[in-house]
Amino acid sequence: MNLIKKAFTAFIKILKNPWLLNHVINSDEEQKKWFEEKYGVGKKLKVIDLLTLFPDFEETVVPFSFAEGGSTPLDLALLRKVCKRNIDTTYFEIGTWRGESVANVSPLVDKAFTLNLADEDLLKLNLPKEYVSQHRLFSKDLKNVTHLFGNSSSFDFAKYYRSCDVVFVDGDHHYEAVKKDTENAFKLLRNEKSVIVWHDYGNTPADVRYDVLNGIMDGTPKEFRNKLYRVSNTLCAIFIQDEIIAIEDTDNRVPNKVFEINLKAKSIS
């Protein structure tokens with residue numbers, strides 16, 4: 001099929017199925033081009049080395065399921081360390097899923113809020129019942145955790161403005177959703193010590209998801225963009241106002257640390 005015929009075929013398919021255009025617009029390559037047009041070729045977030053951020057890094061992650069679609073142990077350990085920075089911490093997260101992240105920080109914070117679509121709304125999206133039933137698995141019985149229900153793009157966050165010490169953004173990872181969640185996350189921050197953590201800045205600790213990066217950058221007030229970083233060895237980006245020496249991101253960094261891991265498993269029943 002020659003180029004002109006391919007283009008014509010693609011045009012007809014998009015006319016019949018306009019939603020296909022989203023796949024083109026949201027493709028990582030297109031998102032990367034869009035980002036570089038706005039912010040410069042080769043630009044990414046600078047990296048904070050984990051041991052620069054927390055020189056005494058040692059943490060126990062519990063619970064952890066090793067199930068598909070969750071955070072890595074180090075992502076959750078990062079959240080736990082961030083929550084320990086303040087006394088009587090108020091934690092807010094967008095995207096509950098199994099409740100692993102909020103269950104990890106629950107013992108370390110005064111209050112925790114976690115926002116997700118209600119089960120009936122998830123089912124309306126034709127998501128499998130088995131998937132929907134896993135929501136809040138680890139967090140449903142935690143006394144200091146309040147489960148909020150709604151779409152983060154239309155949820156009224158006003159009640160929680162300027163009251164949160166740690167905000168974890170882990171909802172819809174498409175550009176528009178990340179941008180909106182990021183805008184709301186900054187409104188939630190209590191003071192200059194408050195922190196935002198975004199999950200899935202990369203699919204691995206080395207690559208970049210440009211739909212997420214675009215959403216973070218465009219949703220962050222311009223005066224705070226120089227305080228955005230990637231955290232080494234994790235899938236996370238972070239907003240933190242501490243004076244920190246960062247390094248340029250590279251795709252193939254040589255490991256500069258090792259981790260000691262102890263595993264213990266027990267049945268949920």
# chains A, B, ... in the order shown; residues from 1 in each chain; ligands from 1
call {"tool": "residues_around", "arguments": {"residues": "Tyr210 (chain A)", "least_positions_apart": "5", "cutoff": "7 Å", "atoms": "only C-alpha atoms", "output": "list in words"}}
result
Asp28, Gln31 and Lys32 of chain A
call {"tool": "closest_atom_pairs", "arguments": {"of": "region 203-262 of chain A", "to": "region 67-88 of chain A", "cutoff": "7 Å", "atoms": "only C-alpha atoms", "output": "JSON lines"}}
result
{"residue": "A:Thr234", "atom": "CA", "partner": "A:Asp75", "partner_atom": "CA", "distance": 5.6}
{"residue": "A:Leu235", "atom": "CA", "partner": "A:Asp75", "partner_atom": "CA", "distance": 6.7}
{"residue": "A:Cys236", "atom": "CA", "partner": "A:Asp75", "partner_atom": "CA", "distance": 6.7}
call {"tool": "atom_distance", "arguments": {"atom1": "CA of Met217 (chain A)", "atom2": "CA of Lys179 (chain A)"}}
result
7.8 Å
call {"tool": "residues_around", "arguments": {"residues": "Val258 (chain A)", "least_positions_apart": "4", "cutoff": "12 Å", "atoms": "only C-alpha atoms", "output": "compact mmCIF listing (two decimals) with C-alpha atoms, in the first residue's frame"}}
result
# COMPACT_ATOMS: atom_id res chain seq x y z
CA LEU A 50 17.31 8.78 46.37
CA LEU A 51 20.21 9.00 48.82
CA PHE A 57 17.15 5.62 53.48
CA ASN A 233 15.37 4.25 40.94
CA VAL A 254 25.27 3.13 35.83
call {"tool": "residues_around", "arguments": {"residues": "region 121-137 of chain A", "least_positions_apart": "3", "cutoff": "6 Å", "atoms": "only C-alpha atoms", "output": "list in words"}}
result
Trp97, Arg98, Gly99, Ala118 and Lys140 of chain A
call {"tool": "closest_residue", "arguments": {"among": "A:Ser101, A:Phe35, A:Thr146, A:Gly202", "to": "Phe64 (chain A)", "atoms": "only C-alpha atoms"}}
result
A:Ser101
call {"tool": "closest_atom_pairs", "arguments": {"of": "region 42-150 of chain A", "to": "region 223-226 of chain A", "cutoff": "12 Å", "atoms": "only C-alpha atoms", "output": "Markdown table"}}
result
| residue | atom | partner | partner_atom | distance |
| --- | --- | --- | --- | --- |
| A:Lys44 | CA | A:Asn226 | CA | 11.3 |
| A:Leu45 | CA | A:Asn226 | CA | 8.9 |
| A:Lys46 | CA | A:Asn226 | CA | 9.1 |
| A:Val47 | CA | A:Asn226 | CA | 11.8 |
call {"tool": "write_last_selection", "arguments": {"atoms": "N, CA and C atoms", "output": "PDB file, in the first residue's frame"}}
result
ATOM      1  N   LYS A  44      14.075  17.147  30.064  1.00  0.00           N
ATOM      2  CA  LYS A  44      13.332  16.255  30.947  1.00  0.00           C
ATOM      3  C   LYS A  44      13.433  16.840  32.348  1.00  0.00           C
ATOM      4  N   LEU A  45      12.817  16.180  33.294  1.00  0.00           N
ATOM      5  CA  LEU A  45      13.019  16.595  34.676  1.00  0.00           C
ATOM      6  C   LEU A  45      14.412  16.181  35.136  1.00  0.00           C
ATOM      7  N   LYS A  46      15.049  17.039  35.926  1.00  0.00           N
ATOM      8  CA  LYS A  46      16.295  16.638  36.554  1.00  0.00           C
ATOM      9  C   LYS A  46      16.014  15.549  37.578  1.00  0.00           C
ATOM     10  N   VAL A  47      17.054  14.844  37.946  1.00  0.00           N
ATOM     11  CA  VAL A  47      16.912  13.699  38.842  1.00  0.00           C
ATOM     12  C   VAL A  47      17.451  14.034  40.227  1.00  0.00           C
TER      13      VAL A  47
END
call {"tool": "residues_around", "arguments": {"residues": "Ile245 (chain A)", "least_positions_apart": "6", "cutoff": "9 Å", "atoms": "only C-alpha atoms", "output": "list in words"}}
result
Val47, Ile48, Asp49 and Thr52 of chain A
call {"tool": "write_last_selection", "arguments": {"atoms": "N, CA, C and O atoms", "output": "CSV table (one decimal), in the first residue's frame"}}
result
chain,number,residue,atom,x,y,z
A,47,VAL,N,17.1,14.8,37.9
A,47,VAL,CA,16.9,13.7,38.8
A,47,VAL,C,17.5,14.0,40.2
A,47,VAL,O,18.5,14.6,40.4
A,48,ILE,N,16.7,13.7,41.3
A,48,ILE,CA,17.2,13.7,42.6
A,48,ILE,C,17.6,12.2,42.9
A,48,ILE,O,16.8,11.3,42.8
A,49,ASP,N,18.8,12.1,43.3
A,49,ASP,CA,19.2,10.7,43.8
A,49,ASP,C,18.5,10.4,45.1
A,49,ASP,O,18.4,11.3,46.0
A,52,THR,N,20.4,11.3,48.1
A,52,THR,CA,20.5,12.8,48.3
A,52,THR,C,19.2,13.2,49.0
A,52,THR,O,19.2,14.0,50.0
call {"tool": "residues_around", "arguments": {"residues": "Val197 (chain A)", "least_positions_apart": "6", "cutoff": "9 Å", "atoms": "only C-alpha atoms", "output": "PDB file with all heavy atoms, in the first residue's frame"}}
result
ATOM      1  N   LEU A  79       7.008   7.104  49.280  1.00  0.00           N
ATOM      2  CA  LEU A  79       5.831   7.742  49.878  1.00  0.00           C
ATOM      3  C   LEU A  79       5.900   7.724  51.397  1.00  0.00           C
ATOM      4  O   LEU A  79       5.568   8.707  52.067  1.00  0.00           O
ATOM      5  CB  LEU A  79       4.564   7.021  49.418  1.00  0.00           C
ATOM      6  CG  LEU A  79       3.899   7.467  48.118  1.00  0.00           C
ATOM      7  CD1 LEU A  79       2.612   6.669  47.907  1.00  0.00           C
ATOM      8  CD2 LEU A  79       3.624   8.959  48.110  1.00  0.00           C
ATOM      9  N   VAL A 166       1.114  15.936  52.000  1.00  0.00           N
ATOM     10  CA  VAL A 166       1.594  15.059  50.931  1.00  0.00           C
ATOM     11  C   VAL A 166       0.423  14.751  50.009  1.00  0.00           C
ATOM     12  O   VAL A 166      -0.650  14.344  50.471  1.00  0.00           O
ATOM     13  CB  VAL A 166       2.173  13.731  51.476  1.00  0.00           C
ATOM     14  CG1 VAL A 166       2.609  12.828  50.326  1.00  0.00           C
ATOM     15  CG2 VAL A 166       3.332  14.005  52.423  1.00  0.00           C
ATOM     16  N   VAL A 167       0.623  14.959  48.711  1.00  0.00           N
ATOM     17  CA  VAL A 167      -0.382  14.617  47.705  1.00  0.00           C
ATOM     18  C   VAL A 167       0.238  13.624  46.732  1.00  0.00           C
ATOM     19  O   VAL A 167       1.335  13.860  46.204  1.00  0.00           O
ATOM     20  CB  VAL A 167      -0.871  15.869  46.946  1.00  0.00           C
ATOM     21  CG1 VAL A 167      -1.936  15.475  45.916  1.00  0.00           C
ATOM     22  CG2 VAL A 167      -1.421  16.916  47.906  1.00  0.00           C
ATOM     23  N   PHE A 168      -0.454  12.518  46.513  1.00  0.00           N
ATOM     24  CA  PHE A 168       0.010  11.470  45.604  1.00  0.00           C
ATOM     25  C   PHE A 168      -0.945  11.420  44.419  1.00  0.00           C
ATOM     26  O   PHE A 168      -2.139  11.164  44.579  1.00  0.00           O
ATOM     27  CB  PHE A 168       0.039  10.126  46.323  1.00  0.00           C
ATOM     28  CG  PHE A 168       0.595   8.978  45.502  1.00  0.00           C
ATOM     29  CD1 PHE A 168       1.719   9.141  44.712  1.00  0.00           C
ATOM     30  CD2 PHE A 168      -0.009   7.728  45.549  1.00  0.00           C
ATOM     31  CE1 PHE A 168       2.241   8.085  43.966  1.00  0.00           C
ATOM     32  CE2 PHE A 168       0.505   6.658  44.824  1.00  0.00           C
ATOM     33  CZ  PHE A 168       1.632   6.840  44.035  1.00  0.00           C
ATOM     34  N   VAL A 169      -0.425  11.686  43.213  1.00  0.00           N
ATOM     35  CA  VAL A 169      -1.241  11.711  41.994  1.00  0.00           C
ATOM     36  C   VAL A 169      -0.992  10.415  41.224  1.00  0.00           C
ATOM     37  O   VAL A 169       0.093  10.200  40.683  1.00  0.00           O
ATOM     38  CB  VAL A 169      -0.892  12.932  41.119  1.00  0.00           C
ATOM     39  CG1 VAL A 169      -1.740  12.930  39.853  1.00  0.00           C
ATOM     40  CG2 VAL A 169      -1.093  14.229  41.901  1.00  0.00           C
ATOM     41  N   ASP A 170      -2.024   9.567  41.189  1.00  0.00           N
ATOM     42  CA  ASP A 170      -1.881   8.268  40.534  1.00  0.00           C
ATOM     43  C   ASP A 170      -3.227   7.840  39.942  1.00  0.00           C
ATOM     44  O   ASP A 170      -3.685   6.717  40.129  1.00  0.00           O
ATOM     45  CB  ASP A 170      -1.382   7.218  41.541  1.00  0.00           C
ATOM     46  CG  ASP A 170      -0.948   5.919  40.865  1.00  0.00           C
ATOM     47  OD1 ASP A 170      -0.684   5.941  39.655  1.00  0.00           O
ATOM     48  OD2 ASP A 170      -0.883   4.892  41.564  1.00  0.00           O
ATOM     49  N   CYS A 236       8.629   7.570  39.936  1.00  0.00           N
ATOM     50  CA  CYS A 236       7.958   8.767  40.445  1.00  0.00           C
ATOM     51  C   CYS A 236       8.649  10.070  40.068  1.00  0.00           C
ATOM     52  O   CYS A 236       9.869  10.135  39.933  1.00  0.00           O
ATOM     53  CB  CYS A 236       7.866   8.696  41.966  1.00  0.00           C
ATOM     54  SG  CYS A 236       6.899   7.306  42.571  1.00  0.00           S
ATOM     55  N   ALA A 237       7.816  11.100  39.939  1.00  0.00           N
ATOM     56  CA  ALA A 237       8.292  12.488  39.914  1.00  0.00           C
ATOM     57  C   ALA A 237       7.841  13.134  41.211  1.00  0.00           C
ATOM     58  O   ALA A 237       6.913  12.661  41.875  1.00  0.00           O
ATOM     59  CB  ALA A 237       7.714  13.225  38.712  1.00  0.00           C
ATOM     60  N   ILE A 238       8.505  14.241  41.575  1.00  0.00           N
ATOM     61  CA  ILE A 238       8.213  14.874  42.860  1.00  0.00           C
ATOM     62  C   ILE A 238       8.317  16.386  42.740  1.00  0.00           C
ATOM     63  O   ILE A 238       9.145  16.915  41.985  1.00  0.00           O
ATOM     64  CB  ILE A 238       9.176  14.347  43.951  1.00  0.00           C
ATOM     65  CG1 ILE A 238       8.711  14.735  45.356  1.00  0.00           C
ATOM     66  CG2 ILE A 238      10.601  14.819  43.695  1.00  0.00           C
ATOM     67  CD1 ILE A 238       9.492  14.042  46.473  1.00  0.00           C
ATOM     68  N   PHE A 239       7.456  17.083  43.462  1.00  0.00           N
ATOM     69  CA  PHE A 239       7.593  18.522  43.683  1.00  0.00           C
ATOM     70  C   PHE A 239       7.993  18.709  45.136  1.00  0.00           C
ATOM     71  O   PHE A 239       7.281  18.288  46.055  1.00  0.00           O
ATOM     72  CB  PHE A 239       6.280  19.256  43.411  1.00  0.00           C
ATOM     73  CG  PHE A 239       6.271  20.671  43.945  1.00  0.00           C
ATOM     74  CD1 PHE A 239       6.966  21.668  43.290  1.00  0.00           C
ATOM     75  CD2 PHE A 239       5.576  20.987  45.108  1.00  0.00           C
ATOM     76  CE1 PHE A 239       6.975  22.972  43.794  1.00  0.00           C
ATOM     77  CE2 PHE A 239       5.573  22.281  45.617  1.00  0.00           C
ATOM     78  CZ  PHE A 239       6.273  23.272  44.947  1.00  0.00           C
ATOM     79  N   ILE A 240       9.147  19.339  45.340  1.00  0.00           N
ATOM     80  CA  ILE A 240       9.644  19.565  46.689  1.00  0.00           C
ATOM     81  C   ILE A 240      10.448  20.855  46.679  1.00  0.00           C
ATOM     82  O   ILE A 240      11.238  21.100  45.758  1.00  0.00           O
ATOM     83  CB  ILE A 240      10.489  18.359  47.169  1.00  0.00           C
ATOM     84  CG1 ILE A 240      10.879  18.501  48.629  1.00  0.00           C
ATOM     85  CG2 ILE A 240      11.697  18.126  46.284  1.00  0.00           C
ATOM     86  CD1 ILE A 240      11.473  17.224  49.228  1.00  0.00           C
TER      87      ILE A 240
END
call {"tool": "select_by_dssp", "arguments": {"residues": "region 12-179 of chain A", "states": "helix (DSSP H, G or I)", "output": "PyMOL selection string"}}
result
chain A and resi 12-16+20-25+28-39+50-53+73-83+100-108+119-124+129-133+158-160+175-179
call {"tool": "closest_residue", "arguments": {"among": "A:Lys227, A:Lys33, A:His173, A:Arg209", "to": "Val195 (chain A)", "atoms": "only C-alpha atoms"}}
result
A:Lys227
call {"tool": "atom_distance", "arguments": {"atom1": "CA of Asn256 (chain A)", "atom2": "CA of Asp207 (chain A)"}}
result
17.7 Å
call {"tool": "select_by_dssp", "arguments": {"residues": "region 120-269 of chain A", "states": "strand (DSSP E or B)", "output": "VMD selection string"}}
result
chain A and resid 145 to 149 164 166 to 169 189 195 to 198 228 to 231 237 to 239 247
call {"tool": "write_last_selection", "arguments": {"atoms": "N, CA and C atoms", "output": "compact mmCIF listing (two decimals), in the first residue's frame"}}
result
# COMPACT_ATOMS: atom_id res chain seq x y z
N VAL A 145 -8.46 6.46 57.27
CA VAL A 145 -8.54 6.66 55.81
C VAL A 145 -9.98 6.94 55.41
N THR A 146 -10.19 8.06 54.73
CA THR A 146 -11.51 8.41 54.20
C THR A 146 -11.51 8.16 52.70
N HIS A 147 -12.42 7.30 52.25
CA HIS A 147 -12.55 7.01 50.82
C HIS A 147 -13.54 7.99 50.20
N LEU A 148 -13.06 8.73 49.22
CA LEU A 148 -13.89 9.68 48.50
C LEU A 148 -14.19 9.12 47.11
N PHE A 149 -15.36 9.44 46.58
CA PHE A 149 -15.76 8.87 45.30
C PHE A 149 -16.15 9.97 44.33
N CYS A 164 -3.15 19.95 53.00
CA CYS A 164 -2.48 18.66 52.84
C CYS A 164 -0.96 18.81 52.82
N VAL A 166 1.11 15.94 52.00
CA VAL A 166 1.59 15.06 50.93
C VAL A 166 0.42 14.75 50.01
N VAL A 167 0.62 14.96 48.71
CA VAL A 167 -0.38 14.62 47.70
C VAL A 167 0.24 13.62 46.73
N PHE A 168 -0.45 12.52 46.51
CA PHE A 168 0.01 11.47 45.60
C PHE A 168 -0.94 11.42 44.42
N VAL A 169 -0.43 11.69 43.21
CA VAL A 169 -1.24 11.71 41.99
C VAL A 169 -0.99 10.42 41.22
N LEU A 189 -1.95 21.91 48.67
CA LEU A 189 -0.76 22.00 49.50
C LEU A 189 -0.94 22.99 50.65
N VAL A 195 4.52 18.41 49.79
CA VAL A 195 5.15 17.68 48.69
C VAL A 195 4.07 17.04 47.82
N ILE A 196 4.33 17.01 46.51
CA ILE A 196 3.50 16.25 45.57
C ILE A 196 4.35 15.15 44.98
N VAL A 197 3.81 13.94 44.89
CA VAL A 197 4.46 12.83 44.21
C VAL A 197 3.52 12.35 43.10
N TRP A 198 4.08 12.20 41.90
CA TRP A 198 3.32 11.66 40.77
C TRP A 198 3.83 10.26 40.47
N LEU A 228 10.50 20.70 40.21
CA LEU A 228 10.03 19.38 39.79
C LEU A 228 11.22 18.49 39.49
N TYR A 229 11.19 17.25 39.96
CA TYR A 229 12.30 16.33 39.76
C TYR A 229 11.76 14.91 39.53
N ARG A 230 12.61 14.11 38.95
CA ARG A 230 12.40 12.66 38.96
C ARG A 230 13.20 12.11 40.14
N VAL A 231 12.67 11.08 40.82
CA VAL A 231 13.39 10.45 41.91
C VAL A 231 14.07 9.19 41.38
N ALA A 237 7.82 11.10 39.94
CA ALA A 237 8.29 12.49 39.91
C ALA A 237 7.84 13.13 41.21
N ILE A 238 8.50 14.24 41.57
CA ILE A 238 8.21 14.87 42.86
C ILE A 238 8.32 16.39 42.74
N PHE A 239 7.46 17.08 43.46
CA PHE A 239 7.59 18.52 43.68
C PHE A 239 7.99 18.71 45.14
N ILE A 247 20.75 16.13 39.38
CA ILE A 247 21.63 15.76 38.28
C ILE A 247 20.80 15.66 37.01
call {"tool": "residues_around", "arguments": {"residues": "Tyr175 (chain A)", "least_positions_apart": "5", "cutoff": "8 Å", "atoms": "only C-alpha atoms", "output": "PyMOL selection string"}}
result
chain A and resi 26+211-212+214-215
call {"tool": "write_last_selection", "arguments": {"atoms": "N, CA and C atoms", "output": "PDB file, in the first residue's frame"}}
result
ATOM      1  N   ASN A  26      -2.373  11.049  21.470  1.00  0.00           N
ATOM      2  CA  ASN A  26      -1.812  10.626  22.750  1.00  0.00           C
ATOM      3  C   ASN A  26      -0.620   9.684  22.619  1.00  0.00           C
ATOM      4  N   ASP A 211       3.147  11.854  27.994  1.00  0.00           N
ATOM      5  CA  ASP A 211       1.809  12.341  28.304  1.00  0.00           C
ATOM      6  C   ASP A 211       1.741  12.774  29.761  1.00  0.00           C
ATOM      7  N   VAL A 212       2.407  12.006  30.643  1.00  0.00           N
ATOM      8  CA  VAL A 212       2.448  12.364  32.058  1.00  0.00           C
ATOM      9  C   VAL A 212       3.322  13.599  32.272  1.00  0.00           C
ATOM     10  N   ASN A 214       4.042  16.012  30.142  1.00  0.00           N
ATOM     11  CA  ASN A 214       3.323  17.189  29.642  1.00  0.00           C
ATOM     12  C   ASN A 214       2.266  17.653  30.629  1.00  0.00           C
ATOM     13  N   GLY A 215       1.524  16.697  31.179  1.00  0.00           N
ATOM     14  CA  GLY A 215       0.477  17.043  32.135  1.00  0.00           C
ATOM     15  C   GLY A 215       1.042  17.677  33.398  1.00  0.00           C
TER      16      GLY A 215
END
call {"tool": "closest_residue", "arguments": {"among": "A:Thr60, A:Ser152, A:Asn144, A:Ser163", "to": "Ile261 (chain A)", "atoms": "only C-alpha atoms"}}
result
A:Thr60
call {"tool": "closest_residue", "arguments": {"among": "A:Pro221, A:Tyr91, A:Asn191, A:Ala185", "to": "Pro107 (chain A)", "atoms": "only C-alpha atoms"}}
result
A:Tyr91
call {"tool": "atom_distance", "arguments": {"atom1": "CA of Asn151 (chain A)", "atom2": "CA of Asn116 (chain A)"}}
result
6.8 Å
call {"tool": "decode", "arguments": {"residues": "region 165-176 of chain A", "atoms": "all heavy atoms", "output": "CSV table (one decimal), in the first residue's frame"}}
result
chain,number,residue,atom,x,y,z
A,165,ASP,N,-0.3,17.9,53.4
A,165,ASP,CA,1.2,17.9,53.5
A,165,ASP,C,1.8,17.0,52.4
A,165,ASP,O,2.9,17.3,51.9
A,165,ASP,CB,1.6,17.3,54.9
A,165,ASP,CG,1.0,18.1,56.0
A,165,ASP,OD1,1.5,19.3,56.2
A,165,ASP,OD2,0.1,17.6,56.7
A,166,VAL,N,1.1,15.9,52.0
A,166,VAL,CA,1.6,15.1,50.9
A,166,VAL,C,0.4,14.8,50.0
A,166,VAL,O,-0.7,14.3,50.5
A,166,VAL,CB,2.2,13.7,51.5
A,166,VAL,CG1,2.6,12.8,50.3
A,166,VAL,CG2,3.3,14.0,52.4
A,167,VAL,N,0.6,15.0,48.7
A,167,VAL,CA,-0.4,14.6,47.7
A,167,VAL,C,0.2,13.6,46.7
A,167,VAL,O,1.3,13.9,46.2
A,167,VAL,CB,-0.9,15.9,46.9
A,167,VAL,CG1,-1.9,15.5,45.9
A,167,VAL,CG2,-1.4,16.9,47.9
A,168,PHE,N,-0.5,12.5,46.5
A,168,PHE,CA,0.0,11.5,45.6
A,168,PHE,C,-0.9,11.4,44.4
A,168,PHE,O,-2.1,11.2,44.6
A,168,PHE,CB,0.0,10.1,46.3
A,168,PHE,CG,0.6,9.0,45.5
A,168,PHE,CD1,1.7,9.1,44.7
A,168,PHE,CD2,0.0,7.7,45.5
A,168,PHE,CE1,2.2,8.1,44.0
A,168,PHE,CE2,0.5,6.7,44.8
A,168,PHE,CZ,1.6,6.8,44.0
A,169,VAL,N,-0.4,11.7,43.2
A,169,VAL,CA,-1.2,11.7,42.0
A,169,VAL,C,-1.0,10.4,41.2
A,169,VAL,O,0.1,10.2,40.7
A,169,VAL,CB,-0.9,12.9,41.1
A,169,VAL,CG1,-1.7,12.9,39.9
A,169,VAL,CG2,-1.1,14.2,41.9
A,170,ASP,N,-2.0,9.6,41.2
A,170,ASP,CA,-1.9,8.3,40.5
A,170,ASP,C,-3.2,7.8,39.9
A,170,ASP,O,-3.7,6.7,40.1
A,170,ASP,CB,-1.4,7.2,41.5
A,170,ASP,CG,-0.9,5.9,40.9
A,170,ASP,OD1,-0.7,5.9,39.7
A,170,ASP,OD2,-0.9,4.9,41.6
A,171,GLY,N,-3.9,8.8,39.2
A,171,GLY,CA,-5.2,8.5,38.6
A,171,GLY,C,-5.0,8.2,37.1
A,171,GLY,O,-4.1,7.4,36.7
A,172,ASP,N,-5.9,8.8,36.3
A,172,ASP,CA,-5.8,8.6,34.9
A,172,ASP,C,-4.5,9.3,34.4
A,172,ASP,O,-4.1,10.4,34.8
A,172,ASP,CB,-7.0,9.4,34.3
A,172,ASP,CG,-7.1,9.2,32.8
A,172,ASP,OD1,-6.1,8.9,32.1
A,172,ASP,OD2,-8.2,9.4,32.2
A,173,HIS,N,-3.7,8.5,33.6
A,173,HIS,CA,-2.4,9.0,33.2
A,173,HIS,C,-2.3,9.7,31.8
A,173,HIS,O,-1.3,9.9,31.3
A,173,HIS,CB,-1.4,7.8,33.2
A,173,HIS,CG,-1.1,7.4,34.6
A,173,HIS,ND1,-1.9,6.5,35.3
A,173,HIS,CD2,-0.1,7.7,35.5
A,173,HIS,CE1,-1.4,6.3,36.5
A,173,HIS,NE2,-0.4,7.0,36.7
A,174,HIS,N,-3.5,10.0,31.2
A,174,HIS,CA,-3.5,10.7,30.0
A,174,HIS,C,-3.3,12.2,30.3
A,174,HIS,O,-3.6,12.7,31.4
A,174,HIS,CB,-4.9,10.5,29.3
A,174,HIS,CG,-5.0,9.1,28.7
A,174,HIS,ND1,-5.7,8.1,29.4
A,174,HIS,CD2,-4.6,8.6,27.6
A,174,HIS,CE1,-5.7,7.0,28.7
A,174,HIS,NE2,-5.1,7.2,27.6
A,175,TYR,N,-2.8,12.9,29.3
A,175,TYR,CA,-2.4,14.3,29.5
A,175,TYR,C,-3.4,15.2,30.2
A,175,TYR,O,-3.1,15.8,31.2
A,175,TYR,CB,-2.0,14.9,28.1
A,175,TYR,CG,-1.9,16.4,28.1
A,175,TYR,CD1,-0.8,17.0,28.7
A,175,TYR,CD2,-3.0,17.2,27.7
A,175,TYR,CE1,-0.7,18.4,28.8
A,175,TYR,CE2,-2.9,18.6,27.7
A,175,TYR,CZ,-1.8,19.2,28.3
A,175,TYR,OH,-1.7,20.6,28.4
A,176,GLU,N,-4.6,15.3,29.6
A,176,GLU,CA,-5.6,16.2,30.2
A,176,GLU,C,-5.9,15.9,31.7
A,176,GLU,O,-6.0,16.8,32.5
A,176,GLU,CB,-6.9,16.1,29.4
A,176,GLU,CG,-6.8,16.7,28.0
A,176,GLU,CD,-6.6,18.3,28.1
A,176,GLU,OE1,-6.8,18.8,29.1
A,176,GLU,OE2,-6.3,18.8,27.0
